[in-house]
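Written below as structure tokens is the structure these notes are about.
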Amino acid sequence: MKKIYLILLILPFCFSAQKFIKIEDKTFNWGGKVGVNAALPIVKSLTIDNQEMEDIRLQYKVGYQAAVFARVNIDRFYIQPSLAWQYTEGDIRFNIQTENSLPDGTNTQMPIGKNRITYKSATLEVPVMIGYYLVKEGPYALSMMFGPNIKYNYKTRYSTDMTDRPREFEDDNTPFGISIAAGLGVSIWRLFLDFSYEFGLNEVASDFREIGTEANQKGTLNIEKRTNIMSFSLGFLF
């Protein structure tokens with residue numbers, strides 16, 4: 001008898017849970033997501049104090065991102081505009097040729113450990129993704145996405161400890177950029193996991209000024225690069 005009472009007590013919760021996880025097709029959804037990224041920008045050139053660096057190598061650090069979005073569903077397709085914030089960080093390593101530094105006239109290179117610039121960048125973005133559901137069965141779905149991303153770099157800083165004192169540079173004179181993004185999304189019920197790759201369509205050429213100098217003159221640091229980012233995010237669809 002106790003077992004029957006227990007079953008009768010659990011049954012309403014089972015029906016409520018089944019109704020709760022049921023996915024109904026809607027014309028319009030909205031949601032949010034947070035995640036991490038790894039930025040490895042493609043650096044074409046890097047110049048410090050009018051001296052061009054050589055053998056440039058990138059080392060990423062984990063960055064962060066967050067976004068809110070709307071989704072318009074059209075059968076198995078959807079259009080998803082978003083408003084996103086993204087923070088990226090990493091190191092640029094390189095070699096410096098020192099001319100005629102030895103008595104025999106040969107060149108030497110500074111130790112690699114000291115030849116490093118750390119970059120930190122915060123951006124506001126408006127990606128517009130067009131998606132297609134490869135699988136859409138019950139609460140499970142697999143989709144692919146593709147679309148442009150308009151970026152505004154509102155804060156970009158570079159710093160280095162190559163010299164006796166730390167140096168920091170700021171002020172990006174090319175704040176806007178556009179990139180193309182592609183990704184895959186896996187969802188169970190209303191939870192989803194996205195993986196995306198983003199590549200810059202325009203080359204960003206930036207002049208920075210050194211913070212804390214009297215001259216406050218641009219051109220101390222110059223860099224030409226393209227966006228190159230991989231990201232993972234976890235979100236919820238309402």
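Each chain in the structure tokens gets a letter, A, B, ..., in the order shown, and its residues are numbered from 1; ligands are numbered from 1 in order too.
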Distance query Val72 of chain A at most 7 Å, only C-alpha atoms, self and fewer than 3 positions along chain excluded, as a ChimeraX atom specification: /A:27-29,78-80
Quick one: residues within 6 Å of segment 45-56 of chain A, only C-alpha atoms, excluding same-chain residues fewer than 4 positions away - as a PyMOL selection string? chain A and resi 93-96+220-224
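Among the candidates A:Met129, A:Ile229, A:Leu58, A:Ala39, the one nearest to Asn115 of chain A when counting only C-alpha atoms is A:Leu58.
Within the 12 Å cut-off around Leu142 of chain A, using only C-alpha atoms and omitting residues fewer than 3 positions from it on the same chain, the listed residues are Arg76, Phe77, Gly131, Tyr132, Tyr133, Leu134, Val135, Lys136, Glu137, Gly138, Pro139, Met145, Gly183, Leu184, Gly185, Val186, Ser187, Ile188, Trp189, Leu191, Phe192, Leu193, Asp194 and Phe195 of chain A.
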For atom CA of Trp30 of chain A and atom CA of Ser233 of chain A, quote the distance in Å rounded to one decimal. 15.7 Å
Taking 4 positions as the minimum chain separation for residues in the same chain, which residues sit within 12 Å of Gln65 of chain A when counting only C-alpha atoms? Answer as a ChimeraX atom specification. /A:32-39,83-89,121-125,229-235
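Among the candidates A:Asn202, A:Thr118, A:Thr227, A:Gln59, the one nearest to Arg157 of chain A when counting only C-alpha atoms is A:Thr118.
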Using DSSP on the backbone coordinates, identify the residues of segment 41-147 of chain A assigned to strand (DSSP E or B); present them as a VMD selection string. chain A and resid 42 to 48 51 to 52 54 to 74 77 to 95 97 to 98 108 to 109 116 to 137 140 to 147
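Taking atom CA of Ile180 of chain A and atom CA of Tyr140 of chain A as the two end points, the separation is 27.0 Å.
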List as a PyMOL selection string the protein and nucleic acid residues near Ala181 of chain A, meaning an atom at most 9 Å away when only C-alpha atoms are counted, but skip any in the same chain fewer than 4 places from it. chain A and resi 127+129+145-149+196-200
When you look at Lys225 of chain A with a cut-off of 7 Å (counting only C-alpha atoms), what residues show up, excluding the ones that are within fewer than 6 positions of it in the same chain? I need them as an NGL selection string. :A and (41-44 or 203-205)
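Note that the spacing between atom CA of Asp161 of chain A and atom CA of Phe208 of chain A amounts to 16.5 Å.
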